[in-house]
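Asker: Here's a structure for you.
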Amino acid sequence: MLRSPLRVAIAAFFLAAVATARPAAAHCDTLDGPVVADARAALESGAVDPVLKWVAPASEAEVRRAFDEVSVVRRLGPAAEALADRSFFETVVRLHRASEGEPFTGVKAAGTEVSPAVRAADRSLETGSADDLVRLVTDRDAAFLRERFARVREARRHASESVAAGRAYVRAYVEYVHAAESLFDAGSAPAESEHPKR
């Protein structure tokens, strides 16, 4: 099939609709996410290195400086420790989000809802198997395609009844074909990380 401006626009619209329909996938900005877990480990061990992997090399000095300052403040008592820890978490998450090209909107509470795909991806690393994640993604995509297929098949049955019905069929057909192509294209090339090469 030739790439036309209309086809590209429809594919872009479809991808935007799919992306906005999903809950936020990131959980790196939550208190129970992996960035804060490594920041906690750094504070508990007294060694900053476990958290440095989450920030770009250009931000490493800022993290080290914050770590040194927080380490001093933490010794002033439990209230100071809690406040200092929160400040360190915010610094590390802010710099991590910047490395992804994403805005920092604060550190979210533990238990903040994240995408089922994110939970399944994390669980796959804990269990050593990606099977549940693969099943989750493929089952969702299969259900989406089946729904689009049913819609276009029904519209096709009535396509010759009128121009309006024919256009309804064409709309359903275009959505179906572009959905199939977009899902295929998205699955054929691994997602590139926004993280800079380190």
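Simple scheme: letters A, B, ... for chains in structure tokens order, numbers from 1 for residues in each chain, numbers from 1 for ligands in the order shown.
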Considering only C-alpha atoms, return as JSON, numbers by chain whatever protein or nucleic-acid residues lie within 6 Å of Ala56 of chain A, sequence-local ones (same chain, fewer than 2 positions apart) excluded.

Answerer: {"A": [58, 59, 99]}

Asker: What does the file look like for those residues with N, CA, C and O atoms, as a PDB file, in the first residue's frame?

Answerer:
ATOM      1  N   ALA A  58      24.821  13.876  33.056  1.00  0.00           N
ATOM      2  CA  ALA A  58      24.878  15.312  33.333  1.00  0.00           C
ATOM      3  C   ALA A  58      24.200  15.675  34.657  1.00  0.00           C
ATOM      4  O   ALA A  58      24.480  16.728  35.220  1.00  0.00           O
ATOM      5  N   SER A  59      23.341  14.803  35.171  1.00  0.00           N
ATOM      6  CA  SER A  59      22.627  15.063  36.429  1.00  0.00           C
ATOM      7  C   SER A  59      23.275  14.385  37.623  1.00  0.00           C
ATOM      8  O   SER A  59      22.834  14.574  38.758  1.00  0.00           O
ATOM      9  N   SER A  99      15.382  13.045  32.147  1.00  0.00           N
ATOM     10  CA  SER A  99      16.167  12.208  31.232  1.00  0.00           C
ATOM     11  C   SER A  99      15.281  11.490  30.226  1.00  0.00           C
ATOM     12  O   SER A  99      15.729  11.113  29.151  1.00  0.00           O
TER      13      SER A  99
END

Asker: Apply DSSP to the backbone of this structure and, from segment 14-182 of chain A, keep only the residues in helix (DSSP H, G or I); write these as a ChimeraX atom specification.

Answerer: /A:14-21,34-45,49-52,57-74,78-100,116-127,131-157,163-182

Asker: With a distance cut-off of 10 Å and only C-alpha atoms, select the neighbouring residues of Tyr173 of chain A, excluding the residue or stretch itself and same-chain residues fewer than 3 positions from it, and output the selection as an mmCIF file with N, CA and C atoms, in the first residue's frame.

Answerer:
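To be explicit, this is the file written out as result_6.cif:
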data_model
loop_
_atom_site.group_PDB
_atom_site.id
_atom_site.type_symbol
_atom_site.label_atom_id
_atom_site.label_comp_id
_atom_site.auth_asym_id
_atom_site.auth_seq_id
_atom_site.Cartn_x
_atom_site.Cartn_y
_atom_site.Cartn_z
ATOM 1 N N ARG A 148 -13.100 -4.463 15.934
ATOM 2 C CA ARG A 148 -13.022 -3.707 14.673
ATOM 3 C C ARG A 148 -13.470 -4.578 13.492
ATOM 4 N N PHE A 149 -13.095 -5.844 13.493
ATOM 5 C CA PHE A 149 -13.496 -6.771 12.441
ATOM 6 C C PHE A 149 -15.017 -6.920 12.403
ATOM 7 N N ARG A 151 -17.247 -4.859 13.463
ATOM 8 C CA ARG A 151 -17.840 -3.593 13.024
ATOM 9 C C ARG A 151 -17.756 -3.450 11.496
ATOM 10 N N VAL A 152 -16.596 -3.734 10.909
ATOM 11 C CA VAL A 152 -16.447 -3.566 9.463
ATOM 12 C C VAL A 152 -17.239 -4.635 8.711
ATOM 13 N N ARG A 153 -17.324 -5.809 9.277
ATOM 14 C CA ARG A 153 -18.083 -6.875 8.606
ATOM 15 C C ARG A 153 -19.565 -6.526 8.550
ATOM 16 N N ALA A 155 -20.822 -3.434 8.720
ATOM 17 C CA ALA A 155 -20.967 -2.283 7.816
ATOM 18 C C ALA A 155 -20.899 -2.724 6.359
ATOM 19 N N ARG A 156 -20.092 -3.723 6.065
ATOM 20 C CA ARG A 156 -19.947 -4.223 4.689
ATOM 21 C C ARG A 156 -21.250 -4.827 4.180
ATOM 22 N N ARG A 167 -20.246 4.884 2.872
ATOM 23 C CA ARG A 167 -19.222 5.662 3.574
ATOM 24 C C ARG A 167 -18.986 5.132 4.987
ATOM 25 N N ALA A 168 -20.035 4.690 5.641
ATOM 26 C CA ALA A 168 -19.876 4.097 6.975
ATOM 27 C C ALA A 168 -18.999 2.848 6.879
ATOM 28 N N TYR A 169 -19.213 2.072 5.826
ATOM 29 C CA TYR A 169 -18.367 0.899 5.608
ATOM 30 C C TYR A 169 -16.912 1.306 5.389
ATOM 31 N N VAL A 170 -16.679 2.305 4.552
ATOM 32 C CA VAL A 170 -15.311 2.739 4.266
ATOM 33 C C VAL A 170 -14.634 3.221 5.552
ATOM 34 N N TYR A 176 -10.271 -0.378 10.655
ATOM 35 C CA TYR A 176 -9.860 -1.769 10.856
ATOM 36 C C TYR A 176 -8.477 -2.038 10.264
ATOM 37 N N VAL A 177 -8.272 -1.649 9.024
ATOM 38 C CA VAL A 177 -6.995 -1.901 8.352
ATOM 39 C C VAL A 177 -5.865 -1.130 9.035
ATOM 40 N N HIS A 178 -6.124 0.124 9.382
ATOM 41 C CA HIS A 178 -5.074 0.901 10.039
ATOM 42 C C HIS A 178 -4.796 0.404 11.449
ATOM 43 N N ALA A 179 -5.811 -0.084 12.117
ATOM 44 C CA ALA A 179 -5.586 -0.673 13.437
ATOM 45 C C ALA A 179 -4.680 -1.892 13.310
#

Asker: From the options A:Leu83, A:Leu145, A:Val93, A:Ala41, which residue's atoms come nearest to Leu183 of chain A, counting only C-alpha atoms?

Answerer: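 Smallest separation from Leu183 of chain A among the options: A:Leu145.
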
Asker: Set the distance at 9 Å and use only C-alpha atoms: which residues neighbour Phe104 of chain A once local chain neighbours fewer than 4 positions away are removed? I'd like the list as a PyMOL selection string.

Answerer: chain A and resi 29+90+93-98

Asker: Give me the residues of segment 48-93 of chain A that have any atom at most 12 Å from an atom of segment 105-120 of chain A; for each, the nearest atom pair and the distance in Å, rounded to one decimal. Use only C-alpha atoms, sort by chain and number, and format it as a Markdown table.

Answerer:
| residue | atom | partner | partner_atom | distance |
| --- | --- | --- | --- | --- |
| A:Asp85 | CA | A:Val107 | CA | 11.9 |
| A:Arg86 | CA | A:Val107 | CA | 8.7 |
| A:Ser87 | CA | A:Val107 | CA | 9.9 |
| A:Phe88 | CA | A:Val107 | CA | 10.7 |
| A:Phe89 | CA | A:Val107 | CA | 7.5 |
| A:Glu90 | CA | A:Val107 | CA | 6.1 |
| A:Thr91 | CA | A:Val107 | CA | 9.6 |
| A:Val92 | CA | A:Val107 | CA | 9.9 |
| A:Val93 | CA | A:Val107 | CA | 7.2 |

Asker: So that I can check the surroundings of segment 42-50 of chain A, please list as a ChimeraX atom specification every protein, DNA and RNA residue that reaches within 12 Å of it, counting only C-alpha atoms and ignoring chain neighbours fewer than 6 positions away.

Answerer: /A:34-36,60-75,81-82,84-89,92
